[in-house]
file my_file.txt (compact mmCIF, C-alpha atoms)
# COMPACT_ATOMS: atom_id res chain seq x y z
CA VAL A 1240 10.63 -16.19 7.54
CA LYS A 1241 9.25 -19.67 7.96
CA GLU A 1242 6.39 -19.44 5.48
CA ILE A 1243 4.58 -16.95 3.26
CA ILE A 1244 0.86 -17.54 2.98
CA VAL A 1245 -0.74 -15.79 0.04
CA ILE A 1246 -4.52 -15.61 0.19
CA ASN A 1247 -5.16 -15.02 -3.50
CA ASN A 1248 -8.60 -13.43 -3.88
CA THR A 1249 -8.72 -14.15 -7.62
CA ASN A 1250 -9.03 -17.21 -9.82
CA THR A 1251 -5.55 -16.77 -11.32
CA GLU A 1252 -2.64 -18.49 -9.61
CA ILE A 1253 0.66 -16.68 -9.21
CA ASP A 1254 3.92 -18.48 -9.95
CA THR A 1255 5.33 -19.76 -6.64
CA LYS A 1256 7.56 -22.56 -7.99
CA ASN A 1257 10.80 -20.73 -7.20
CA ASN A 1258 10.01 -20.28 -3.52
CA PRO A 1259 9.12 -23.37 -1.45
CA LYS A 1260 8.13 -21.14 1.49
CA VAL A 1261 5.12 -19.77 -0.40
CA ILE A 1262 1.78 -21.39 0.32
CA GLN A 1263 -0.85 -20.08 -2.06
CA ILE A 1264 -4.56 -20.38 -1.38
CA VAL A 1265 -6.55 -19.46 -4.49
CA GLU A 1266 -10.04 -18.36 -3.46
CA GLY A 1267 -11.45 -18.03 -6.99
CA GLU A 1268 -13.18 -14.77 -6.09
CA ASN A 1269 -12.71 -11.81 -3.77
CA LYS A 1270 -13.49 -13.02 -0.25
CA TYR A 1271 -12.27 -9.66 1.16
CA VAL A 1272 -9.86 -8.79 3.94
CA VAL A 1273 -11.33 -10.35 7.09
CA PRO A 1274 -11.80 -13.86 5.69
CA ALA A 1275 -8.26 -13.69 4.26
CA TRP A 1276 -6.75 -12.57 7.58
CA ASN A 1277 -8.63 -15.28 9.49
CA LYS A 1278 -7.60 -17.95 6.97
CA GLY A 1279 -3.95 -16.84 7.09
CA TYR A 1280 -4.04 -16.97 10.88
CA LEU A 1281 -5.53 -20.47 10.87
CA GLN A 1282 -3.07 -21.77 8.24
CA SER A 1283 0.05 -20.32 9.84
CA SER A 1284 2.42 -22.49 11.84
CA SER A 1285 4.52 -19.53 13.04
CA ASP A 1286 4.34 -17.82 16.43
CA ILE A 1287 4.75 -14.35 14.94
CA LEU A 1288 2.37 -13.28 12.20
CA CYS A 1289 2.75 -10.53 9.62
CA PHE A 1290 -0.23 -9.21 7.66
CA ALA A 1291 0.83 -7.12 4.67
CA ASN A 1292 -1.00 -5.35 1.89
CA ASP A 1293 -0.06 -6.53 -1.58
CA ASP A 1294 0.73 -3.03 -2.86
CA ILE A 1295 3.69 -2.09 -0.66
CA ASP A 1296 7.46 -2.32 -0.99
CA PHE A 1297 9.37 -2.43 2.28
CA ASP A 1298 12.68 -3.19 3.96
CA ILE A 1299 12.64 -6.94 4.60
CA ASP A 1300 14.97 -6.49 7.58
CA VAL A 1301 11.76 -5.72 9.47
CA PHE A 1302 11.21 -9.48 9.85
CA GLU A 1303 14.41 -9.94 11.84
CA PHE A 1304 13.69 -6.79 13.87
CA ILE A 1305 10.18 -7.97 14.76
CA SER A 1306 11.42 -11.50 15.49
CA ASN A 1307 13.86 -10.05 18.02
CA ASN A 1308 11.43 -7.55 19.58
CA LEU A 1309 7.83 -8.84 19.51
CA THR A 1310 6.81 -10.76 22.61
CA LYS A 1311 3.59 -12.48 23.73
CA ASP A 1312 2.77 -9.67 26.14
CA MET A 1313 2.62 -7.10 23.31
CA GLY A 1314 -0.40 -6.33 21.15
CA MET A 1315 -0.23 -5.23 17.52
CA VAL A 1316 2.78 -3.56 15.89
CA GLY A 1317 1.77 -1.36 12.95
CA MET A 1318 2.75 1.85 11.21
CA ASP A 1319 2.90 5.29 12.79
CA GLU A 1320 0.95 7.60 10.46
CA TYR A 1321 1.80 5.93 7.19
CA HIS A 1322 0.71 7.82 4.08
CA GLY A 1323 2.62 5.95 1.38
CA ASN A 1324 6.19 6.94 2.27
CA GLY A 1325 8.56 5.77 4.98
CA VAL A 1326 7.82 6.14 8.68
CA TRP A 1327 10.56 8.15 10.37
CA GLU A 1328 10.68 9.04 14.06
CA ASP A 1329 11.77 12.64 13.49
CA GLU A 1330 9.02 13.40 10.96
CA PRO A 1331 5.69 13.53 12.76
CA GLY A 1332 2.85 13.74 10.29
CA CYS A 1333 4.89 11.94 7.63
CA ASP A 1334 6.69 14.83 5.92
CA ARG A 1335 6.61 13.69 2.28
CA SER A 1336 9.16 16.31 1.25
CA ARG A 1337 11.96 14.26 2.82
CA SER A 1338 10.93 10.72 1.81
CA GLU A 1339 13.33 10.46 -1.15
CA GLU A 1340 16.15 11.70 1.09
CA ARG A 1341 15.44 8.81 3.49
CA ARG A 1342 14.67 6.04 0.96
CA GLY A 1343 17.21 3.21 1.03
CA LYS A 1344 19.15 4.48 4.05
CA ARG A 1345 19.57 2.36 7.16
CA PHE A 1346 18.23 3.97 10.31
CA PRO A 1347 17.79 1.75 13.36
CA MET A 1348 14.20 0.53 13.53
CA LYS A 1349 12.42 1.29 16.78
CA LEU A 1350 9.12 0.57 18.44
CA LYS A 1351 7.08 3.37 19.96
CA GLU A 1352 4.19 2.65 22.31
CA VAL A 1353 0.92 3.93 20.88
CA VAL A 1354 -0.68 5.89 23.71
CA THR A 1355 -3.58 7.37 21.74
CA ASP A 1356 -5.75 5.98 18.96
CA ARG A 1357 -3.88 4.55 16.04
CA LYS A 1358 -3.03 6.85 13.16
CA PRO A 1359 -3.85 6.47 9.44
CA GLY A 1360 -2.10 3.61 7.67
CA PHE A 1361 -1.44 1.62 10.87
CA ALA A 1362 -2.49 -1.70 9.31
CA CYS A 1363 -0.83 -1.48 5.88
CA ILE A 1364 1.63 -3.96 7.35
CA TRP A 1365 1.32 -5.17 10.91
CA PHE A 1366 2.56 -7.89 13.21
CA ILE A 1367 1.12 -9.81 16.14
CA HIS A 1368 1.95 -12.86 18.22
CA LYS A 1369 -0.29 -15.70 17.06
CA GLU A 1370 -1.70 -16.26 20.58
CA ASN A 1371 -2.96 -12.65 20.61
CA TYR A 1372 -4.88 -12.76 17.34
CA MET A 1373 -8.66 -12.83 17.69
CA ARG A 1374 -10.73 -14.24 14.85
CA ILE A 1375 -12.81 -11.44 13.41
CA PRO A 1376 -16.47 -12.06 12.52
CA GLN A 1377 -16.52 -13.10 8.83
CA ASP A 1378 -19.39 -10.79 7.93
CA MET A 1379 -17.24 -7.69 8.57
CA LYS A 1380 -15.38 -8.20 5.26
CA ILE A 1381 -13.32 -4.96 5.04
CA PHE A 1382 -13.98 -2.10 7.42
CA PHE A 1383 -13.09 -1.88 11.14
CA ASN A 1384 -11.27 -5.24 11.24
CA ASP A 1385 -8.00 -3.70 12.37
CA ASP A 1386 -9.94 -1.58 14.88
CA ILE A 1387 -11.37 -4.71 16.48
CA LEU A 1388 -7.93 -6.30 16.83
CA TYR A 1389 -6.32 -3.05 18.01
CA TYR A 1390 -8.85 -2.41 20.78
CA TYR A 1391 -9.04 -6.09 21.70
CA GLN A 1392 -5.33 -5.92 22.57
CA ILE A 1393 -5.97 -2.97 24.90
CA TYR A 1394 -8.95 -4.77 26.46
CA LYS A 1395 -6.66 -7.73 27.17
CA GLY A 1396 -4.10 -5.43 28.84
CA ARG A 1397 -1.57 -5.49 26.00
CA LYS A 1398 0.06 -2.36 24.59
CA ASN A 1399 0.13 -1.67 20.85
CA TYR A 1400 3.22 -0.27 19.16
CA ALA A 1401 4.18 1.73 16.09
CA LEU A 1402 7.19 0.81 14.00
CA MET A 1403 9.53 3.74 13.43
CA ASN A 1404 12.41 4.30 10.98
CA PHE A 1405 10.84 1.85 8.57
CA ASP A 1406 11.56 2.17 4.86
CA ILE A 1407 8.24 1.46 3.14
CA VAL A 1408 6.53 2.77 0.02
CA GLY A 1409 3.02 2.13 -1.23
CA LYS A 1410 -0.38 3.54 -2.04
CA VAL A 1411 -2.70 3.71 0.94
CA GLY A 1412 -6.38 2.83 0.48
CA GLN A 1413 -6.14 2.10 -3.23
CA THR A 1414 -8.25 -1.05 -3.37
CA THR A 1415 -10.89 -0.42 -0.72
CA ILE A 1416 -14.44 -0.82 -2.00
CA LYS A 1417 -17.62 -1.75 -0.18
CA PRO A 1418 -18.72 -5.34 -0.83
call {"tool": "encode", "arguments": {"input": "my_file.txt", "output": "structure tokens"}}
result
Amino acid sequence: VKEIIVINNTNTEIDTKNNPKVIQIVEGENKYVVPAWNKGYLQSSSDILCFANDDIDFDIDVFEFISNNLTKDMGMVGMDEYHGNGVWEDEPGCDRSRSEERRGKRFPMKLKEVVTDRKPGFACIWFIHKENYMRIPQDMKIFFNDDILYYYQIYKGRKNYALMNFDIVGKVGQTTIKP
């Protein structure tokens, strides 16, 4: 991880003194998702970008996996039907009854080509090569931003992928409100 850019949509700074990789941009008010994503994209000096919700806990080994597997000819890499628990390849539909059994275990991460529309939770954490990001119109604010990027990749002839065997926990859709 070269840098961590935090677009802080509040007027309260977080303590970043212990990590020189953290670049914090305090907006002073909620500018919403799209302006934050666009600003993070513009500020980043890395070739591979990660956009992550602030209310998830995940296996940080994903950064090495993505670094070794994401190429310029690929579109977005997101979650495969993420509902707040891990994303496991042998549990279509995200069987919550087995999430505790899987939590903390090391299964080899894999990428699966998304051949239909993306499933719920795809953009809770997602990755893209910087050259493939398209700035989203600022007036969109919250809704359909990931749809635009997802379908833009297909339009450009790039395939999108779902990350499988990924240990992640969070609450999906907890902070979404209309501006």
call {"tool": "atom_distance", "arguments": {"input": "my_file.txt", "atom1": "CA of Arg1397 (chain A)", "atom2": "CA of Ala1291 (chain A)"}}
result
21.5 Å
call {"tool": "residues_around", "arguments": {"input": "my_file.txt", "residues": "region 1282-1290 of chain A", "least_positions_apart": "4", "cutoff": "10 Å", "atoms": "only C-alpha atoms", "output": "PyMOL selection string"}}
result
chain A and resi 1240-1244+1262+1264+1275-1278+1302+1305-1306+1309-1311+1315-1317+1362-1372
call {"tool": "closest_residue", "arguments": {"input": "my_file.txt", "among": "A:Tyr1391, A:Phe1405, A:Phe1361, A:Phe1304", "to": "Ile1375 (chain A)", "atoms": "all atoms listed in the file"}}
result
A:Tyr1391
call {"tool": "atom_distance", "arguments": {"input": "my_file.txt", "atom1": "CA of Val1326 (chain A)", "atom2": "CA of Met1379 (chain A)"}}
result
28.6 Å
call {"tool": "atom_distance", "arguments": {"input": "my_file.txt", "atom1": "CA of Val1301 (chain A)", "atom2": "CA of Leu1350 (chain A)"}}
result
11.3 Å
call {"tool": "residues_around", "arguments": {"input": "my_file.txt", "residues": "Tyr1394 (chain A)", "least_positions_apart": "4", "cutoff": "12 Å", "atoms": "all atoms listed in the file", "output": "list of chain:residue names"}}
result
A:Gly1314, A:Asn1371, A:Met1373, A:Ile1387, A:Leu1388, A:Tyr1389, A:Tyr1390, A:Lys1398, A:Asn1399
call {"tool": "closest_residue", "arguments": {"input": "my_file.txt", "among": "A:Val1273, A:Ile1393, A:Thr1251, A:Pro1259", "to": "Asp1378 (chain A)", "atoms": "all atoms listed in the file"}}
result
A:Val1273
call {"tool": "residues_near_point", "arguments": {"input": "my_file.txt", "point": "(-12.8, -17.1, -5.4)", "cutoff": "7 Å", "atoms": "only C-alpha atoms", "output": "mmCIF file with C-alpha atoms, in the coordinates of the input"}}
result
data_model
loop_
_atom_site.group_PDB
_atom_site.id
_atom_site.type_symbol
_atom_site.label_atom_id
_atom_site.label_comp_id
_atom_site.auth_asym_id
_atom_site.auth_seq_id
_atom_site.Cartn_x
_atom_site.Cartn_y
_atom_site.Cartn_z
ATOM 1 C CA ASN A 1248 -8.600 -13.430 -3.880
ATOM 2 C CA THR A 1249 -8.720 -14.150 -7.620
ATOM 3 C CA ASN A 1250 -9.030 -17.210 -9.820
ATOM 4 C CA VAL A 1265 -6.550 -19.460 -4.490
ATOM 5 C CA GLU A 1266 -10.040 -18.360 -3.460
ATOM 6 C CA GLY A 1267 -11.450 -18.030 -6.990
ATOM 7 C CA GLU A 1268 -13.180 -14.770 -6.090
ATOM 8 C CA ASN A 1269 -12.710 -11.810 -3.770
ATOM 9 C CA LYS A 1270 -13.490 -13.020 -0.250
#
call {"tool": "build_atoms", "arguments": {"input": "my_file.txt", "residues": "region 1251-1270 of chain A", "atoms": "N, CA, C and O atoms", "output": "tab-separated table (two decimals), keeping the file's coordinate frame"}}
result
chain	number	residue	atom	x	y	z
A	1251	THR	N	-6.79	-16.61	-10.58
A	1251	THR	CA	-5.55	-16.77	-11.32
A	1251	THR	C	-4.40	-17.02	-10.35
A	1251	THR	O	-4.09	-16.17	-9.53
A	1252	GLU	N	-3.78	-18.18	-10.48
A	1252	GLU	CA	-2.64	-18.49	-9.61
A	1252	GLU	C	-1.43	-17.66	-9.98
A	1252	GLU	O	-1.22	-17.33	-11.14
A	1253	ILE	N	-0.62	-17.32	-8.96
A	1253	ILE	CA	0.66	-16.68	-9.21
A	1253	ILE	C	1.73	-17.76	-9.20
A	1253	ILE	O	1.55	-18.82	-8.59
A	1254	ASP	N	2.84	-17.50	-9.87
A	1254	ASP	CA	3.92	-18.48	-9.95
A	1254	ASP	C	4.68	-18.50	-8.63
A	1254	ASP	O	5.30	-17.52	-8.24
A	1255	THR	N	4.64	-19.62	-7.93
A	1255	THR	CA	5.33	-19.76	-6.64
A	1255	THR	C	6.37	-20.88	-6.69
A	1255	THR	O	6.91	-21.25	-5.65
A	1256	LYS	N	6.66	-21.40	-7.86
A	1256	LYS	CA	7.56	-22.56	-7.99
A	1256	LYS	C	8.97	-22.29	-7.50
A	1256	LYS	O	9.64	-23.19	-7.03
A	1257	ASN	N	9.43	-21.05	-7.58
A	1257	ASN	CA	10.80	-20.73	-7.20
A	1257	ASN	C	10.97	-20.46	-5.71
A	1257	ASN	O	12.07	-20.19	-5.26
A	1258	ASN	N	9.89	-20.52	-4.95
A	1258	ASN	CA	10.01	-20.28	-3.52
A	1258	ASN	C	9.18	-21.31	-2.74
A	1258	ASN	O	7.96	-21.19	-2.64
A	1259	PRO	N	9.84	-22.31	-2.18
A	1259	PRO	CA	9.12	-23.37	-1.45
A	1259	PRO	C	8.44	-22.88	-0.18
A	1259	PRO	O	7.60	-23.59	0.38
A	1260	LYS	N	8.77	-21.67	0.29
A	1260	LYS	CA	8.13	-21.14	1.49
A	1260	LYS	C	6.73	-20.58	1.22
A	1260	LYS	O	5.98	-20.33	2.14
A	1261	VAL	N	6.41	-20.38	-0.05
A	1261	VAL	CA	5.12	-19.77	-0.40
A	1261	VAL	C	4.02	-20.83	-0.44
A	1261	VAL	O	4.12	-21.83	-1.14
A	1262	ILE	N	2.99	-20.57	0.32
A	1262	ILE	CA	1.78	-21.39	0.32
A	1262	ILE	C	0.70	-20.49	-0.27
A	1262	ILE	O	0.37	-19.45	0.31
A	1263	GLN	N	0.16	-20.89	-1.40
A	1263	GLN	CA	-0.85	-20.08	-2.06
A	1263	GLN	C	-2.22	-20.73	-1.92
A	1263	GLN	O	-2.39	-21.91	-2.20
A	1264	ILE	N	-3.18	-19.93	-1.48
A	1264	ILE	CA	-4.56	-20.38	-1.38
A	1264	ILE	C	-5.37	-19.55	-2.37
A	1264	ILE	O	-5.55	-18.34	-2.17
A	1265	VAL	N	-5.80	-20.17	-3.45
A	1265	VAL	CA	-6.55	-19.46	-4.49
A	1265	VAL	C	-8.03	-19.55	-4.14
A	1265	VAL	O	-8.61	-20.64	-4.12
A	1266	GLU	N	-8.64	-18.41	-3.87
A	1266	GLU	CA	-10.04	-18.36	-3.46
A	1266	GLU	C	-11.01	-18.42	-4.65
A	1266	GLU	O	-12.16	-18.79	-4.47
A	1267	GLY	N	-10.58	-18.00	-5.82
A	1267	GLY	CA	-11.45	-18.03	-6.99
A	1267	GLY	C	-12.30	-16.78	-7.15
A	1267	GLY	O	-12.82	-16.51	-8.21
A	1268	GLU	N	-12.43	-16.03	-6.08
A	1268	GLU	CA	-13.18	-14.77	-6.09
A	1268	GLU	C	-12.73	-13.95	-4.89
A	1268	GLU	O	-12.08	-14.46	-3.99
A	1269	ASN	N	-13.11	-12.69	-4.87
A	1269	ASN	CA	-12.71	-11.81	-3.77
A	1269	ASN	C	-13.53	-12.14	-2.53
A	1269	ASN	O	-14.73	-11.91	-2.48
A	1270	LYS	N	-12.85	-12.70	-1.53
A	1270	LYS	CA	-13.49	-13.02	-0.25
A	1270	LYS	C	-13.32	-11.86	0.74
A	1270	LYS	O	-13.82	-11.93	1.84
